[in-house]
Every structure is written in C-alpha cells, then in structure tokens.
$ cat structure-v8.txt   # compact mmCIF, C-alpha atoms and all ligand atoms
# COMPACT_ATOMS: atom_id res chain seq x y z
CA MET A 1 15.11 1.11 -3.35
CA LEU A 2 12.50 1.35 -0.58
CA LYS A 3 10.03 -0.67 -2.66
CA ASP A 4 12.45 -3.63 -2.85
CA LEU A 5 13.21 -3.34 0.86
CA PHE A 6 9.53 -3.56 1.84
CA ILE A 7 8.79 -6.37 -0.65
CA GLY A 8 11.78 -8.22 0.87
CA LEU A 9 10.44 -7.61 4.38
CA SER A 10 6.97 -8.82 3.31
CA GLN A 11 8.53 -12.19 2.47
CA ASN A 12 10.36 -12.58 5.79
CA GLN A 13 8.74 -15.51 7.58
CA LEU A 14 10.42 -14.88 10.94
CA LEU A 15 9.12 -11.34 11.14
CA ASN A 16 5.76 -12.59 9.91
CA SER A 17 5.43 -15.04 12.83
CA ALA A 18 6.65 -12.46 15.33
CA ALA A 19 4.05 -9.97 14.09
CA LYS A 20 1.27 -12.54 14.58
CA LYS A 21 2.21 -12.84 18.24
CA TYR A 22 2.22 -9.12 18.96
CA GLY A 23 -1.12 -8.01 17.47
CA LEU A 24 -1.74 -4.98 15.31
CA LYS A 25 1.35 -2.87 15.72
CA LEU A 26 3.52 -0.62 13.51
CA GLY A 27 0.48 1.33 12.37
CA ALA A 28 -1.20 -1.68 10.80
CA GLN A 29 -4.44 -0.90 12.67
CA SER A 30 -5.05 1.97 10.23
CA VAL A 31 -5.28 -0.38 7.29
CA VAL A 32 -6.46 -3.63 8.90
CA ALA A 33 -10.07 -3.69 10.14
CA GLY A 34 -9.38 -5.77 13.24
CA THR A 35 -8.16 -9.12 14.41
CA ASN A 36 -11.54 -10.86 14.70
CA ILE A 37 -14.87 -11.30 12.90
CA GLU A 38 -16.87 -9.21 15.37
CA GLU A 39 -14.71 -6.11 14.85
CA THR A 40 -14.79 -6.69 11.12
CA ILE A 41 -18.60 -6.92 10.94
CA LYS A 42 -18.78 -3.65 12.89
CA THR A 43 -16.49 -1.98 10.31
CA ILE A 44 -18.58 -3.40 7.44
CA LYS A 45 -21.78 -2.03 8.98
CA GLU A 46 -20.19 1.42 9.26
CA LEU A 47 -19.10 1.35 5.61
CA ASN A 48 -22.48 -0.01 4.46
CA ALA A 49 -24.16 2.91 6.22
CA HIS A 50 -22.29 5.17 3.75
CA GLY A 51 -23.51 3.12 0.77
CA ILE A 52 -20.18 1.27 0.48
CA SER A 53 -20.07 -2.51 0.00
CA CYS A 54 -17.13 -4.58 1.26
CA THR A 55 -14.92 -7.44 0.21
CA VAL A 56 -13.51 -9.21 3.25
CA ASP A 57 -10.04 -10.72 3.30
CA ASN A 58 -9.07 -13.04 6.13
CA LEU A 59 -5.35 -12.24 6.02
CA GLY A 60 -2.94 -15.13 5.64
CA GLU A 61 0.44 -15.84 4.05
CA PHE A 62 3.18 -18.50 4.14
CA VAL A 63 0.77 -21.38 4.61
CA TYR A 64 2.78 -24.58 4.21
CA LYS A 65 0.97 -26.81 6.74
CA GLU A 66 -2.37 -28.50 6.08
CA GLU A 67 -3.70 -27.59 9.52
CA GLU A 68 -3.07 -23.89 8.86
CA ALA A 69 -4.89 -24.03 5.52
CA THR A 70 -7.79 -25.88 7.17
CA ALA A 71 -7.92 -23.27 9.93
CA ALA A 72 -8.02 -20.52 7.28
CA LYS A 73 -10.85 -22.33 5.48
CA ASN A 74 -12.84 -22.64 8.70
CA GLN A 75 -12.33 -18.99 9.50
CA ILE A 76 -13.55 -17.95 6.02
CA LEU A 77 -16.62 -20.19 6.47
CA GLU A 78 -17.33 -18.36 9.74
CA VAL A 79 -17.03 -15.01 7.96
CA ILE A 80 -19.51 -16.17 5.29
CA GLN A 81 -21.91 -17.22 8.05
CA ALA A 82 -21.47 -13.87 9.81
CA ILE A 83 -22.07 -11.92 6.58
CA HIS A 84 -25.28 -13.89 6.06
CA GLU A 85 -26.53 -13.65 9.65
CA ASN A 86 -25.83 -9.92 9.90
CA GLY A 87 -27.33 -9.24 6.47
CA VAL A 88 -24.41 -6.97 5.54
CA ASN A 89 -23.44 -6.02 1.99
CA ALA A 90 -20.17 -7.89 1.68
CA HIS A 91 -18.41 -10.67 -0.17
CA ILE A 92 -15.13 -12.56 0.23
CA SER A 93 -11.65 -12.11 -1.21
CA LEU A 94 -9.23 -14.97 -0.64
CA LYS A 95 -5.76 -16.05 -1.70
CA PRO A 96 -5.37 -19.62 -3.04
CA SER A 97 -1.98 -19.91 -1.27
CA GLN A 98 -3.74 -19.41 2.05
CA LEU A 99 -5.99 -22.37 1.29
CA GLY A 100 -3.07 -24.70 0.54
CA LEU A 101 -2.03 -24.04 -3.08
CA ASP A 102 1.65 -24.35 -2.11
CA ILE A 103 0.97 -27.64 -0.30
CA ASP A 104 -1.09 -29.63 -2.79
CA TYR A 105 -3.34 -28.59 -5.66
CA GLU A 106 -6.14 -31.11 -4.92
CA PHE A 107 -6.13 -30.24 -1.22
CA CYS A 108 -6.48 -26.55 -2.11
CA LEU A 109 -9.26 -27.31 -4.60
CA GLY A 110 -11.16 -29.20 -1.87
CA ASN A 111 -10.84 -26.27 0.54
CA LEU A 112 -11.98 -23.79 -2.07
CA LYS A 113 -14.90 -25.99 -3.09
CA GLY A 114 -16.15 -26.04 0.52
CA ILE A 115 -15.98 -22.24 0.66
CA VAL A 116 -17.55 -21.56 -2.75
CA GLU A 117 -20.35 -24.05 -2.06
CA LYS A 118 -21.26 -22.48 1.26
CA ALA A 119 -21.10 -18.95 -0.21
CA ASN A 120 -23.25 -20.08 -3.13
CA GLU A 121 -25.99 -21.18 -0.69
CA TYR A 122 -26.17 -17.59 0.57
CA ASN A 123 -25.61 -15.97 -2.81
CA ILE A 124 -22.27 -14.54 -1.70
CA PHE A 125 -19.56 -13.83 -4.27
CA ILE A 126 -16.00 -15.16 -3.84
CA ASN A 127 -13.06 -13.38 -5.43
CA PHE A 128 -9.81 -15.26 -5.97
CA ASP A 129 -7.08 -12.66 -5.40
CA MET A 130 -4.09 -13.08 -7.68
CA GLU A 131 -0.63 -13.49 -6.25
CA ASP A 132 2.81 -13.75 -7.88
CA HIS A 133 3.65 -15.15 -11.32
CA ASN A 134 4.32 -18.72 -10.11
CA ARG A 135 0.79 -19.02 -8.76
CA LEU A 136 -0.97 -17.51 -11.76
CA ASP A 137 -1.61 -20.65 -13.84
CA PRO A 138 -2.63 -22.89 -10.92
CA SER A 139 -4.99 -20.17 -9.66
CA PHE A 140 -6.68 -19.86 -13.06
CA LYS A 141 -6.90 -23.66 -13.17
CA LEU A 142 -8.73 -23.66 -9.82
CA LEU A 143 -11.11 -21.06 -11.16
CA ASP A 144 -11.73 -23.09 -14.35
CA GLU A 145 -12.40 -26.23 -12.35
CA LEU A 146 -14.82 -24.58 -9.91
CA SER A 147 -16.68 -22.63 -12.59
CA LYS A 148 -17.91 -25.92 -14.04
CA GLN A 149 -20.23 -26.00 -11.02
CA TYR A 150 -20.48 -22.48 -9.61
CA VAL A 151 -21.03 -18.98 -10.96
CA ASN A 152 -20.42 -16.99 -7.76
CA ILE A 153 -16.67 -16.70 -8.44
CA GLY A 154 -14.35 -14.26 -10.13
CA THR A 155 -10.75 -13.14 -10.07
CA VAL A 156 -8.16 -10.44 -10.61
CA ILE A 157 -6.21 -9.31 -13.67
CA GLN A 158 -2.84 -7.69 -12.90
CA ALA A 159 -1.94 -5.04 -15.48
CA TYR A 160 1.83 -5.37 -15.07
CA PHE A 161 1.79 -8.82 -16.73
CA PHE A 162 2.38 -8.95 -20.52
CA ARG A 163 -0.23 -11.74 -20.66
CA ALA A 164 -2.95 -9.67 -18.93
CA GLN A 165 -4.97 -8.83 -22.08
CA GLU A 166 -5.06 -12.50 -23.08
CA ASP A 167 -6.31 -13.53 -19.62
CA LEU A 168 -8.83 -10.71 -19.64
CA GLU A 169 -10.34 -11.87 -22.92
CA LYS A 170 -10.46 -15.47 -21.75
CA TYR A 171 -12.26 -14.55 -18.51
CA LYS A 172 -14.37 -11.65 -19.85
CA ASN A 173 -17.61 -13.29 -18.73
CA TYR A 174 -16.51 -13.28 -15.09
CA ARG A 175 -16.77 -10.49 -12.60
CA LEU A 176 -13.17 -9.23 -12.76
CA ARG A 177 -11.14 -6.93 -10.57
CA ILE A 178 -8.46 -5.10 -12.52
CA VAL A 179 -5.37 -3.89 -10.62
CA LYS A 180 -1.86 -2.67 -11.44
CA GLY A 181 -0.18 -5.60 -9.59
CA ALA A 182 1.48 -5.69 -6.17
CA TYR A 183 4.26 -8.30 -6.28
CA LYS A 184 7.84 -8.00 -7.50
CA GLU A 185 7.95 -9.53 -10.98
CA THR A 186 10.86 -9.83 -13.41
CA GLU A 187 11.10 -8.22 -16.83
CA GLU A 188 10.63 -11.66 -18.37
CA TYR A 189 6.93 -11.52 -17.48
CA ALA A 190 5.97 -8.01 -16.50
CA TYR A 191 6.26 -4.32 -17.35
CA GLN A 192 8.67 -2.60 -14.98
CA ASP A 193 7.93 1.06 -15.78
CA LYS A 194 5.07 2.79 -14.01
CA LYS A 195 4.11 4.51 -17.29
CA ASP A 196 3.79 1.18 -19.15
CA ILE A 197 1.82 -0.39 -16.28
CA ASP A 198 -0.55 2.60 -16.09
CA GLU A 199 -1.11 2.53 -19.88
CA ASN A 200 -1.88 -1.18 -19.85
CA PHE A 201 -4.12 -0.75 -16.79
CA ILE A 202 -6.25 1.83 -18.61
CA LYS A 203 -6.35 -0.29 -21.77
CA LEU A 204 -7.58 -3.35 -19.83
CA ILE A 205 -10.19 -1.38 -17.88
CA GLU A 206 -11.60 0.19 -21.05
CA TRP A 207 -11.69 -3.15 -22.85
CA HIS A 208 -13.50 -4.91 -20.03
CA LEU A 209 -15.95 -2.04 -19.53
CA LEU A 210 -16.91 -2.36 -23.19
CA ASN A 211 -16.80 -6.15 -23.53
CA GLY A 212 -16.89 -7.75 -20.11
CA LYS A 213 -19.49 -8.74 -17.55
CA PHE A 214 -18.73 -6.61 -14.50
CA THR A 215 -15.57 -4.59 -13.83
CA SER A 216 -14.09 -3.72 -10.45
CA ILE A 217 -11.58 -0.93 -10.95
CA ALA A 218 -9.26 -1.29 -7.96
CA THR A 219 -6.94 1.67 -7.57
CA HIS A 220 -6.20 4.71 -5.39
CA ASP A 221 -4.93 6.61 -8.43
CA HIS A 222 -7.16 9.66 -8.91
CA VAL A 223 -5.83 10.23 -12.45
CA ILE A 224 -7.07 6.81 -13.51
CA ILE A 225 -10.34 7.16 -11.59
CA ASN A 226 -11.03 10.49 -13.33
CA HIS A 227 -10.21 8.93 -16.68
CA VAL A 228 -12.66 6.08 -16.02
CA LYS A 229 -15.40 8.51 -14.97
CA GLN A 230 -15.01 10.32 -18.28
CA PHE A 231 -14.82 7.07 -20.27
CA VAL A 232 -18.03 5.60 -18.81
CA LYS A 233 -19.83 8.87 -19.48
CA GLU A 234 -18.69 9.03 -23.11
CA HIS A 235 -19.64 5.39 -23.72
CA ALA A 236 -22.88 5.47 -21.73
CA ILE A 237 -21.77 2.52 -19.60
CA PRO A 238 -24.42 1.98 -16.91
CA THR A 239 -23.29 2.26 -13.28
CA ASP A 240 -24.41 -1.29 -12.53
CA LYS A 241 -21.69 -2.64 -14.88
CA PHE A 242 -18.76 -1.50 -12.76
CA GLU A 243 -17.54 -0.37 -9.35
CA PHE A 244 -14.50 1.32 -7.88
CA GLN A 245 -12.55 -0.48 -5.18
CA MET A 246 -9.95 0.76 -2.69
CA LEU A 247 -8.24 -0.74 0.32
CA TYR A 248 -9.56 -0.08 3.81
CA GLY A 249 -7.89 2.93 5.42
CA PHE A 250 -6.67 4.54 2.17
CA ARG A 251 -8.06 7.77 0.70
CA LYS A 252 -11.14 7.60 2.94
CA ASP A 253 -12.45 10.96 1.70
CA MET A 254 -12.29 9.83 -1.90
CA GLN A 255 -14.05 6.55 -1.05
CA LEU A 256 -16.94 8.46 0.52
CA GLN A 257 -16.97 11.02 -2.29
CA LEU A 258 -17.22 8.38 -5.05
CA ALA A 259 -20.03 6.59 -3.18
CA SER A 260 -21.89 9.87 -2.68
CA GLU A 261 -21.57 10.65 -6.39
CA GLY A 262 -23.63 7.52 -7.05
CA TYR A 263 -20.85 5.15 -8.17
CA ASN A 264 -20.83 1.62 -6.81
CA PHE A 265 -17.98 1.51 -4.35
CA CYS A 266 -16.47 -1.49 -2.60
CA THR A 267 -13.86 -1.33 0.17
CA TYR A 268 -11.38 -4.20 0.56
CA VAL A 269 -11.47 -5.00 4.28
CA PRO A 270 -8.57 -7.12 5.53
CA PHE A 271 -8.69 -8.58 9.01
CA GLY A 272 -6.90 -11.13 11.18
CA ASP A 273 -3.61 -11.55 12.99
CA ASP A 274 -1.59 -12.36 9.85
CA TRP A 275 -1.37 -8.71 8.79
CA TYR A 276 2.38 -8.35 8.39
CA GLY A 277 2.97 -9.25 4.70
CA TYR A 278 -0.11 -7.30 3.61
CA PHE A 279 1.09 -4.24 5.50
CA MET A 280 4.65 -4.44 4.12
CA ARG A 281 3.31 -4.62 0.53
CA ARG A 282 1.31 -1.45 1.17
CA LEU A 283 4.51 0.27 2.37
CA ALA A 284 6.30 -0.96 -0.76
CA GLU A 285 3.64 0.59 -2.98
CA ARG A 286 3.71 3.91 -1.25
CA PRO A 287 6.53 4.66 1.17
CA GLN A 288 4.52 7.75 2.23
CA ASN A 289 2.37 5.23 4.10
CA LEU A 290 5.23 5.24 6.58
CA ASN A 291 3.55 8.40 7.85
CA LEU A 292 0.81 6.14 9.13
CA VAL A 293 3.37 4.20 11.13
CA VAL A 294 5.01 7.30 12.56
CA LYS A 295 1.65 8.81 13.53
CA GLN A 296 0.52 5.60 15.28
CA VAL A 297 3.76 5.31 17.20
CA PHE A 298 3.59 8.91 18.47
CA THR A 299 -0.12 9.05 19.22
CA LYS A 300 -0.16 6.00 21.50
P1 LIG B 401 -0.32 3.69 -7.26
O1 LIG B 401 0.27 3.12 -6.00
O2 LIG B 401 0.31 3.39 -8.57
O3 LIG B 401 -0.41 5.26 -7.07
C1 LIG B 401 -0.70 6.13 -8.15
C2 LIG B 401 -0.93 7.53 -7.62
O4 LIG B 401 -2.16 7.58 -6.88
C3 LIG B 401 0.12 8.03 -6.64
O5 LIG B 401 1.23 8.53 -7.32
C4 LIG B 401 -0.66 9.07 -5.86
O6 LIG B 401 -0.75 10.27 -6.61
C5 LIG B 401 -2.03 8.44 -5.77
N1 LIG B 401 -2.20 7.67 -4.52
C6 LIG B 401 -2.05 6.34 -4.37
N2 LIG B 401 -2.29 5.97 -3.10
C7 LIG B 401 -2.58 7.09 -2.43
C8 LIG B 401 -2.92 7.37 -1.08
N3 LIG B 401 -3.00 6.41 -0.15
N4 LIG B 401 -3.15 8.65 -0.74
C9 LIG B 401 -3.06 9.65 -1.65
N5 LIG B 401 -2.75 9.44 -2.95
C10 LIG B 401 -2.52 8.18 -3.34
N6 LIG B 401 -2.64 -6.59 -6.31
C11 LIG B 401 -2.40 -7.86 -6.72
O7 LIG B 401 -1.31 -8.16 -7.22
N7 LIG B 401 -3.36 -8.83 -6.55
C12 LIG B 401 -4.60 -8.54 -6.04
O8 LIG B 401 -5.42 -9.45 -5.93
C13 LIG B 401 -4.86 -7.21 -5.62
N8 LIG B 401 -6.07 -6.85 -5.08
C14 LIG B 401 -6.33 -5.51 -4.82
C15 LIG B 401 -7.60 -5.12 -4.37
C16 LIG B 401 -7.88 -3.76 -4.17
C17 LIG B 401 -9.25 -3.35 -3.72
C18 LIG B 401 -6.88 -2.77 -4.41
C19 LIG B 401 -7.15 -1.29 -4.24
C20 LIG B 401 -5.62 -3.17 -4.80
C21 LIG B 401 -5.32 -4.53 -4.99
N9 LIG B 401 -4.05 -4.93 -5.38
C22 LIG B 401 -3.84 -6.24 -5.77
C23 LIG B 401 -2.92 -3.97 -5.30
C24 LIG B 401 -2.65 -3.27 -6.63
O9 LIG B 401 -2.10 -4.19 -7.55
C25 LIG B 401 -1.66 -2.10 -6.46
O10 LIG B 401 -0.44 -2.63 -6.01
C26 LIG B 401 -2.11 -1.05 -5.47
O11 LIG B 401 -3.47 -0.76 -5.60
C27 LIG B 401 -1.31 0.26 -5.70
O12 LIG B 401 -1.59 0.80 -6.95
P2 LIG B 401 -2.67 1.97 -7.19
O13 LIG B 401 -3.35 1.66 -8.47
O14 LIG B 401 -3.56 2.08 -6.02
O15 LIG B 401 -1.88 3.33 -7.36
$ encode --input "structure-v8.txt" --output "structure tokens" --more "lines below"
Ligand code: FDA
Amino acid sequence: MLKDLFIGLSQNQLLNSAAKKYGLKLGAQSVVAGTNIEETIKTIKELNAHGISCTVDNLGEFVYKEEEATAAKNQILEVIQAIHENGVNAHISLKPSQLGLDIDYEFCLGNLKGIVEKANEYNIFINFDMEDHNRLDPSFKLLDELSKQYVNIGTVIQAYFFRAQEDLEKYKNYRLRIVKGAYKETEEYAYQDKKDIDENFIKLIEWHLLNGKFTSIATHDHVIINHVKQFVKEHAIPTDKFEFQMLYGFRKDMQLQLASEGYNFCTYVPFGDDWYGYFMRRLAERPQNLNLVVKQVFTK
C-alpha cells in the first residue's frame, strides 16, 4: 500500500538527514512556508490579509540529542518573539518529541515551560500536537503539569483512537483541535477503517461543539466541513466557539472561501529545514499529493 510506503519513508532517519542538507526539494515548498522565520512571517501576513489566522509549526522530528531539542526550543522562542513584534495573528503548534520527550521527560517539561511562559507573556496560545500512541500519555501528562500554572495551552484529539471520546471529555475545558489522526496505529488501539474513523471524527466534533470550550475542526474533507456547517446552524453554535483548520498549501480555494463566508479559519503553517517526515506523512494521507511533486520537478 502506498500509505504504508510513505509512512515507512517518513520514519527513515537517513533520508531525513539528507533532506535537511538539500533544502526544500521534492515539491515540499508547496506545503512548507519556508526555511526561516522571515519567510514564514511574510506568509502569515499574506494569510492574515485574507482574514486567516495561523498556527506556526517549527518542523522537527527524530530529536534524540539534548542540543537539538534546545536548538528547537530557542527557535520556537524566536518565532514567538517575531509573532509579537510583527503583531501578526498567529500562535504556535509544537511536538513534544521535538522538545526532548524521547530523551527525558523532565528535560522536555523544562523546555516546554520556557516556551509556554514566554508565550503567556504575549498572550500567545501554544498547541501541543499529538503524535503516535506511545507518546500519548506522556504528552497529556505534560499538558496536565503545565496547566497547573498556565491557561494558554491546548492539544489535539485524534479520532482514530478508541480512547478519543474519553480524552475529549477529560480535556473539554481546553481549546482542542480534533483531527482524524496521521500516524500508523495498530488495531489494538485504533480504528483502521476510514468509515469508522470518519464516524468517530464527526461524533467527537459534535460533542465538543456542544460541550467544550473552543473547537478547531482540522480537516480537508469537504463532506465533514459541510456537515459541521449544517450542525452549527441547527444548534445555533456561535462562530466564536469554533474554527476550521487546514494545512498550508492544501485546498487554498476552500480556505479562502470559508474565511470569506465569515467562519474563523486558521492555517497550519509549517516551516524549517526538517520538512521531510511532515511531507512524507502528507503523501501517505493522499497519494494524489504526488502531483505536487511531479509539477514542481517539471516546472523548475
Ligand atoms: P482525508 O485525508 O481523510 O480526506 C478525506 C477526503 O477529503 C478525500 O477523500 C478528498 O475527497 C478530500 N480531500 C482531502 N484532501 C484534499 C486535497 N488536498 N484536495 C482535494 N480534496 C481533498 N494529525 C495528528 O495525528 N496529530 C496532529 O497533531 C495533527 N494536526 C493537524 C493539524 C491540521 C491543521 C490538520 C489539517 C491536520 C492535522 N493532522 C494531525 C492530520 C490529520 O490527522 C489527518 O491525517 C489529515 O488531516 C488528513 O485527513 P483529512 O481529515 O484532511 O481528510
């Protein structure tokens, strides 16, 4: 299966390091905002001009050395500073593994605390992206620990997990992003059929729209988006209780359309030189994205 092939490639550390050296190639520039903060702020300003807010992800995977996690932390602190200084409408998405979760829990907690504290000073929200099953419990633990002191944090609920509803109810008073789930998970923990995942996704979104604090509905699936539009209308859910989110470079027309219809819309803007794993996961989700690669190769 192509999906398995791309997920496998996304986990290949050799290819990951090679990709870092050679810049944005293979079509990745269509879905990655740039390799530095300056380019990224420019992209954010363009999106803001269309009424679209942004969540910025400083790409990073396979962080097993403290100095790499510290470098990632410093880079995220610079992004927070740049968001503040440029007065743009943006917040941060980060992955605990990039900040050292696979090295040492306390070390990761310290890195995250530095980031959340700085963002809190500027009233900037920090989203903890959710990764694979093994990192789920430690990531929630980090969130629990930091929420004793800070409120500017939230996380992601992945609909493919059987436990998703339970997590959703536990964290209902957080700003939550609900997604289908991007990693390869076994049938011990997660639904495998697209139909089951889609059904659970809708169930979770509806529940959180009715009971939760603020819902980010993160999907490119127009069927689900249309369903949500109908649902919020029927239940008179105010537009300031939810937003739609999509990844940078995907379904641009629909992003602009939703924003122009008056919905809150937030684009997930990844940047940096560690784009390889992110890009391979996007190919796994939708092999048609290979068209992007082919186009980039032939239009150079
Ligand atoms: P899916 O890929 O299931 O597609 C459904 C249908 O939508 C397709 O059949 C097609 O009709 C249409 N469609 C989809 N993409 C299209 C395109 N580009 N052009 C035209 N039609 C298209 N995952 C995770 O595990 N942890 C996380 O923290 C996050 N964070 C996150 C943030 C944001 C903003 C987004 C959008 C997604 C994530 N994800 C994630 C990824 C998520 O879990 C999921 O893997 C992808 O969004 C793909 O699923 P979709 O719901 O987009 O539709």
$ residues_around --input "structure-v8.txt" --residues "Ala236 in chain A" --least-positions-apart "6" --cutoff "12 Å" --atoms "all atoms listed in the file" --output "PyMOL selection string"
chain A and resi 209-210+228-230
$ write_last_selection --input "structure-v8.txt" --atoms "C-alpha atoms" --output "PDB file, in the frame of the given file"
ATOM      1  CA  LEU A 209     -15.950  -2.040 -19.530  1.00  0.00           C
ATOM      2  CA  LEU A 210     -16.910  -2.360 -23.190  1.00  0.00           C
ATOM      3  CA  VAL A 228     -12.660   6.080 -16.020  1.00  0.00           C
ATOM      4  CA  LYS A 229     -15.400   8.510 -14.970  1.00  0.00           C
ATOM      5  CA  GLN A 230     -15.010  10.320 -18.280  1.00  0.00           C
TER       6      GLN A 230
END
$ axis_aligned_box --input "structure-v8.txt" --around "range 120-127 of chain A" --padding-each-side "4 Å" --output "lines of an AutoDock Vina configuration file"
center_x = -19.6
center_y = -17.3
center_z = -2.4
size_x = 21.1
size_y = 15.8
size_z = 14.0
$ residues_near_ligand --input "structure-v8.txt" --ligand "ligand LIG 401 (chain B)" --cutoff "6 Å" --atoms "only C-alpha atoms and all ligand atoms" --output "list in words"
Asp129, Met130, Glu131, Val156, Gln158, Val179, Lys180, Gly181, Ala182, Tyr183, Ala218, Thr219, His220, Asp221, His222, Gln245, Met246, Leu247, Phe250, Arg251, Tyr268, Glu285 and Arg286 of chain A
$ residues_around --input "structure-v8.txt" --residues "Glu261 in chain A" --least-positions-apart "3" --cutoff "12 Å" --atoms "only C-alpha atoms" --output "list in words"
His50, Gly51, Ile52, Lys229, Thr239, Phe244, Met254, Gln255, Leu256, Gln257, Leu258, Asn264 and Phe265 of chain A
$ closest_residue --input "structure-v8.txt" --among "A:Tyr160, A:Ile92, A:Tyr276, A:Ile103" --to "Ser53 in chain A" --atoms "only C-alpha atoms"
A:Ile92
$ closest_residue --input "structure-v8.txt" --among "A:Phe214, A:Lys141, A:Tyr248, A:His208" --to "Phe271 in chain A" --atoms "all atoms listed in the file"
A:Tyr248
$ atom_distance --input "structure-v8.txt" --atom1 "CA of Leu94 in chain A" --atom2 "CA of Phe128 in chain A"
5.4 Å
$ closest_residue --input "structure-v8.txt" --among "A:Pro238, A:Gly110, A:Gly100, A:Gly277" --to "Gly262 in chain A" --atoms "only C-alpha atoms"
A:Pro238
$ atom_distance --input "structure-v8.txt" --atom1 "CA of Val232 in chain A" --atom2 "CA of Ile205 in chain A"
10.5 Å
$ build_atoms --input "structure-v8.txt" --residues "range 198-217 of chain A" --atoms "N, CA and C atoms" --output "JSON list (two decimals), in the frame of the given file"
[["chain", "number", "residue", "atom", "x", "y", "z"],
["A", 198, "ASP", "N", 0.65, 1.74, -16.10],
["A", 198, "ASP", "CA", -0.55, 2.60, -16.09],
["A", 198, "ASP", "C", -1.27, 2.53, -17.45],
["A", 199, "GLU", "N", -0.50, 2.57, -18.53],
["A", 199, "GLU", "CA", -1.11, 2.53, -19.88],
["A", 199, "GLU", "C", -1.87, 1.22, -20.08],
["A", 200, "ASN", "N", -1.22, 0.12, -19.68],
["A", 200, "ASN", "CA", -1.88, -1.18, -19.85],
["A", 200, "ASN", "C", -3.11, -1.29, -18.96],
["A", 201, "PHE", "N", -3.00, -0.74, -17.76],
["A", 201, "PHE", "CA", -4.12, -0.75, -16.79],
["A", 201, "PHE", "C", -5.35, -0.08, -17.43],
["A", 202, "ILE", "N", -5.13, 1.10, -17.99],
["A", 202, "ILE", "CA", -6.25, 1.83, -18.61],
["A", 202, "ILE", "C", -6.82, 1.04, -19.79],
["A", 203, "LYS", "N", -5.91, 0.48, -20.59],
["A", 203, "LYS", "CA", -6.35, -0.29, -21.77],
["A", 203, "LYS", "C", -7.25, -1.48, -21.34],
["A", 204, "LEU", "N", -6.82, -2.18, -20.30],
["A", 204, "LEU", "CA", -7.58, -3.35, -19.83],
["A", 204, "LEU", "C", -8.94, -2.93, -19.26],
["A", 205, "ILE", "N", -8.93, -1.85, -18.48],
["A", 205, "ILE", "CA", -10.19, -1.38, -17.88],
["A", 205, "ILE", "C", -11.17, -1.02, -18.99],
["A", 206, "GLU", "N", -10.70, -0.26, -19.97],
["A", 206, "GLU", "CA", -11.60, 0.19, -21.05],
["A", 206, "GLU", "C", -12.15, -1.03, -21.81],
["A", 207, "TRP", "N", -11.26, -1.97, -22.09],
["A", 207, "TRP", "CA", -11.69, -3.15, -22.85],
["A", 207, "TRP", "C", -12.76, -3.92, -22.08],
["A", 208, "HIS", "N", -12.53, -4.11, -20.79],
["A", 208, "HIS", "CA", -13.50, -4.91, -20.03],
["A", 208, "HIS", "C", -14.80, -4.15, -19.80],
["A", 209, "LEU", "N", -14.72, -2.83, -19.67],
["A", 209, "LEU", "CA", -15.95, -2.04, -19.53],
["A", 209, "LEU", "C", -16.81, -2.18, -20.79],
["A", 210, "LEU", "N", -16.16, -2.26, -21.93],
["A", 210, "LEU", "CA", -16.91, -2.36, -23.19],
["A", 210, "LEU", "C", -17.35, -3.79, -23.52],
["A", 211, "ASN", "N", -16.55, -4.76, -23.10],
["A", 211, "ASN", "CA", -16.80, -6.15, -23.53],
["A", 211, "ASN", "C", -17.10, -7.14, -22.43],
["A", 212, "GLY", "N", -16.84, -6.76, -21.19],
["A", 212, "GLY", "CA", -16.89, -7.75, -20.11],
["A", 212, "GLY", "C", -18.21, -7.73, -19.35],
["A", 213, "LYS", "N", -18.27, -8.59, -18.33],
["A", 213, "LYS", "CA", -19.49, -8.74, -17.55],
["A", 213, "LYS", "C", -19.63, -7.62, -16.51],
["A", 214, "PHE", "N", -18.70, -7.63, -15.56],
["A", 214, "PHE", "CA", -18.73, -6.61, -14.50],
["A", 214, "PHE", "C", -17.28, -6.28, -14.13],
["A", 215, "THR", "N", -16.97, -5.00, -14.06],
["A", 215, "THR", "CA", -15.57, -4.59, -13.83],
["A", 215, "THR", "C", -15.41, -3.91, -12.48],
["A", 216, "SER", "N", -14.47, -4.42, -11.68],
["A", 216, "SER", "CA", -14.09, -3.72, -10.45],
["A", 216, "SER", "C", -12.76, -3.03, -10.72],
["A", 217, "ILE", "N", -12.79, -1.71, -10.65],
["A", 217, "ILE", "CA", -11.58, -0.93, -10.95],
["A", 217, "ILE", "C", -10.93, -0.64, -9.60]]
